[in-house]
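Q: I'd like to ask some things about the structure below.
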Amino acid sequence: MPQEKDVYQALLHGLVTGAYENSKKLRPEYLRIDFDCSASTIREALFRLSTVGLVDFQEQRGFRVPKASAERQHELTQMRIFLESEGACLSIRLGGVAWEARLSAAHHKLSHIEMRVRSNQEYEPLFELLSKAEQEFHETLIDACGSEIHKQTHRLIYQQFRQQLIGLEKDFEHFPENILQHQEILEAALDRDEDLIKSRIHAHLARNLAHPLPQKKPHWPRAEG
């Protein structure tokens with residue numbers, strides 16, 4: 001019989017890869033059959049997932065897959081832009097050659113899978129590999145930021161972001177421009193250009209914003225006299 005941690009990981013994976021429909025009710029008494037475990041094990045795993053925003057829970061109403069919305073996606077995109085931009089800048093300052101090597105390796109893996117997707121034009125068979133490689137690249141980008149809280153928060157937001165993205169896009173597919181954008185992010189990181197990497201992270205994620213982010217207002221000096 002699977003352990004609760006195994007059930008948790010399996011449910012988490014299903015929630016961020018679209019295995020459970022948007023707003024679908026998650027019934028432990030039914031899911032226990034799929035996972036060959038007790039309903040209480042399913043319930044504990046769902047409670048844990050509710051604490052990280054991947055499952056909605058209400059007393060008397062039980063568990064449900066969160067509803068996907070453009071506004072929610074916008075807010076999560078804002079947080080990803082902020083966390084990845086700040087985390088990448090800190091990694092540029094604090095990370096050394098070892099971080100550069102890890103980031104280059106993560107990008108090499110991601111780029112290889114992305115090119116296979118583009119050349120074969122078969123997204124679905126490689127979806128899981130691509131999703132894992134993309135998450136690994138973005139996590140490695142901020143890995144040398146020096147803050148475990150920053151990295152943990154990014155991981156939670158990233159998972160919620162992916163769940164919302166798949167929930168909103170019924171014909172979810174890979175964007176070919178991601179290949180160039182990931183390459184540009186890598187180059188900015190290796191060049192240790194903080195302004196450029198912020199710009200490229202924003203460009204990479206901006207299509208997921210429901211409306212433009214507010215721009216910094218110009219500061220006009222007060223007129224004398």
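Letters A, B, ... mark the chains of the structure tokens in the order given; residue numbers begin at 1 per chain; ligand numbers begin at 1, in order shown.
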List every residue of segment 42-204 of chain A that DSSP, applied to the backbone, labels as strand (DSSP E), and write the result as a PyMOL selection string.

A: chain A and resi 56-58+62-64

Q: Between segment 82-156 of chain A and segment 186-200 of chain A, at 8 Å or less, what are the per-residue closest atom pairs and their distances in Å? Count only C-alpha atoms, order by chain and rising residue number, and return it as a Markdown table.

A:
| residue | atom | partner | partner_atom | distance |
| --- | --- | --- | --- | --- |
| A:Ser85 | CA | A:Lys198 | CA | 5.1 |
| A:Glu86 | CA | A:Lys198 | CA | 8.0 |
| A:Ala88 | CA | A:Ala189 | CA | 7.4 |
| A:Cys89 | CA | A:Glu194 | CA | 5.4 |
| A:Ile92 | CA | A:Arg192 | CA | 5.6 |
| A:Arg93 | CA | A:Arg192 | CA | 7.9 |
| A:Glu100 | CA | A:Leu190 | CA | 6.6 |
| A:Leu103 | CA | A:Leu186 | CA | 7.5 |
| A:Ser104 | CA | A:Leu186 | CA | 7.2 |
| A:His107 | CA | A:Leu186 | CA | 7.4 |

Q: Store the residues picked out above, limited to N, CA and C atoms, as a CSV table (one decimal), in the first residue's frame.

A:
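Result went into part28.csv, see below:
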chain,number,residue,atom,x,y,z
A,85,SER,N,13.0,37.5,-10.9
A,85,SER,CA,13.9,38.6,-11.2
A,85,SER,C,14.8,38.9,-10.0
A,86,GLU,N,14.2,38.9,-8.8
A,86,GLU,CA,15.0,39.2,-7.6
A,86,GLU,C,15.9,38.0,-7.3
A,88,ALA,N,17.1,35.8,-9.4
A,88,ALA,CA,18.2,35.7,-10.4
A,88,ALA,C,19.3,36.8,-10.2
A,89,CYS,N,18.8,38.0,-9.8
A,89,CYS,CA,19.8,39.1,-9.5
A,89,CYS,C,20.7,38.7,-8.3
A,92,ILE,N,23.2,36.1,-9.4
A,92,ILE,CA,24.3,36.7,-10.1
A,92,ILE,C,25.3,37.2,-9.2
A,93,ARG,N,24.8,37.9,-8.1
A,93,ARG,CA,25.8,38.5,-7.1
A,93,ARG,C,26.5,37.4,-6.2
A,100,GLU,N,26.8,28.8,-12.3
A,100,GLU,CA,26.8,29.0,-13.8
A,100,GLU,C,26.7,27.6,-14.5
A,103,LEU,N,23.3,26.0,-14.0
A,103,LEU,CA,22.3,26.7,-14.9
A,103,LEU,C,22.5,26.3,-16.3
A,104,SER,N,23.7,26.2,-16.8
A,104,SER,CA,24.0,25.9,-18.2
A,104,SER,C,23.6,24.4,-18.4
A,107,HIS,N,19.8,24.3,-18.6
A,107,HIS,CA,19.4,24.9,-19.9
A,107,HIS,C,19.6,23.9,-21.1

Q: What residues in segment 112-166 of chain A get the DSSP label alpha helix (DSSP H)? Please answer as a PDB file with C-alpha atoms, in the first residue's frame.

A:
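Once everything was written out, this is states_4.pdb:
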ATOM      1  CA  HIS A 112      17.334  19.554 -26.087  1.00  0.00           C
ATOM      2  CA  ILE A 113      13.754  18.632 -25.172  1.00  0.00           C
ATOM      3  CA  GLU A 114      12.365  21.872 -26.613  1.00  0.00           C
ATOM      4  CA  MET A 115      14.117  21.233 -29.918  1.00  0.00           C
ATOM      5  CA  ARG A 116      12.734  17.683 -30.008  1.00  0.00           C
ATOM      6  CA  VAL A 117       9.235  19.045 -29.454  1.00  0.00           C
ATOM      7  CA  ARG A 118       9.682  21.581 -32.266  1.00  0.00           C
ATOM      8  CA  SER A 119      11.232  19.164 -34.745  1.00  0.00           C
ATOM      9  CA  ASN A 120       8.747  16.344 -34.092  1.00  0.00           C
ATOM     10  CA  PHE A 127       4.928  17.071 -21.996  1.00  0.00           C
ATOM     11  CA  GLU A 128       6.050  15.588 -18.682  1.00  0.00           C
ATOM     12  CA  LEU A 129       9.757  15.689 -19.552  1.00  0.00           C
ATOM     13  CA  LEU A 130       9.467  19.255 -20.811  1.00  0.00           C
ATOM     14  CA  SER A 131       7.527  20.420 -17.741  1.00  0.00           C
ATOM     15  CA  LYS A 132      10.129  18.987 -15.368  1.00  0.00           C
ATOM     16  CA  ALA A 133      13.052  20.408 -17.362  1.00  0.00           C
ATOM     17  CA  GLU A 134      11.483  23.862 -17.526  1.00  0.00           C
ATOM     18  CA  GLN A 135      10.823  23.913 -13.782  1.00  0.00           C
ATOM     19  CA  GLU A 136      14.402  22.751 -13.126  1.00  0.00           C
ATOM     20  CA  PHE A 137      15.799  25.578 -15.267  1.00  0.00           C
ATOM     21  CA  HIS A 138      13.759  28.294 -13.560  1.00  0.00           C
ATOM     22  CA  GLU A 139      14.538  26.909 -10.096  1.00  0.00           C
ATOM     23  CA  THR A 140      18.250  26.722 -10.901  1.00  0.00           C
ATOM     24  CA  LEU A 141      18.101  30.325 -12.083  1.00  0.00           C
ATOM     25  CA  GLU A 148      15.582  29.053   1.287  1.00  0.00           C
ATOM     26  CA  ILE A 149      12.358  30.964   1.969  1.00  0.00           C
ATOM     27  CA  HIS A 150      12.667  32.713  -1.391  1.00  0.00           C
ATOM     28  CA  LYS A 151      13.177  29.390  -3.182  1.00  0.00           C
ATOM     29  CA  GLN A 152      10.353  27.639  -1.312  1.00  0.00           C
ATOM     30  CA  THR A 153       7.957  30.498  -2.049  1.00  0.00           C
ATOM     31  CA  HIS A 154       8.939  30.435  -5.724  1.00  0.00           C
ATOM     32  CA  ARG A 155       8.298  26.690  -5.900  1.00  0.00           C
ATOM     33  CA  LEU A 156       4.775  27.117  -4.471  1.00  0.00           C
ATOM     34  CA  ILE A 157       3.966  29.976  -6.840  1.00  0.00           C
ATOM     35  CA  TYR A 158       5.430  28.077  -9.797  1.00  0.00           C
ATOM     36  CA  GLN A 159       3.214  25.054  -9.108  1.00  0.00           C
ATOM     37  CA  GLN A 160       0.089  27.188  -8.746  1.00  0.00           C
ATOM     38  CA  PHE A 161       1.050  29.064 -11.924  1.00  0.00           C
ATOM     39  CA  ARG A 162       1.348  25.845 -13.931  1.00  0.00           C
ATOM     40  CA  GLN A 163      -1.952  24.569 -12.578  1.00  0.00           C
ATOM     41  CA  GLN A 164      -3.728  27.783 -13.578  1.00  0.00           C
ATOM     42  CA  LEU A 165      -2.040  27.893 -16.977  1.00  0.00           C
ATOM     43  CA  ILE A 166      -3.176  24.403 -17.904  1.00  0.00           C
TER      44      ILE A 166
END

Q: Would you please work out which residue, of A:Val52, A:His74, A:Lys67, A:Thr17, is nearest to Leu209 of chain A when using only C-alpha atoms?

A: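 Closest to Leu209 of chain A of all the choices is A:His74.
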
Q: If we count only C-alpha atoms, what is near segment 20-25 of chain A at a cut-off of 7 Å, once residues fewer than 6 positions away on the same chain are taken out, given as a ChimeraX atom specification?

A: /A:14,63-68,167

Q: What gap, in Å, lies between atom CA of Leu54 of chain A and atom CA of Ile179 of chain A?

A: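 That distance, rounded to one decimal, is 27.9 Å.
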
Q: As an exercise, work out the distance from atom CA of Ala45 of chain A to atom CA of Ser69 of chain A in Å and give it to one decimal place.

A: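 Straight-line distance from atom CA of Ala45 of chain A to atom CA of Ser69 of chain A works out to 24.6 Å.
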
Q: Using only C-alpha atoms, which residue out of A:Leu46, A:Val55, A:Ala105, A:Ile185 lies closest to Val7 of chain A?

A: A:Leu46

Q: Near Glu4 of chain A, counting only C-alpha atoms, which residues have an atom at most 10 Å away, once you skip same-chain residues fewer than 4 positions from it, shown as an MDAnalysis selection string?

A: chainID A and resid 8:10 37:38 40:45

Q: For atom CA of Gly95 of chain A and atom CA of Cys145 of chain A, quote the distance in Å rounded to one decimal.

A: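 Atom-to-atom, atom CA of Gly95 of chain A and atom CA of Cys145 of chain A are spaced 7.4 Å apart.
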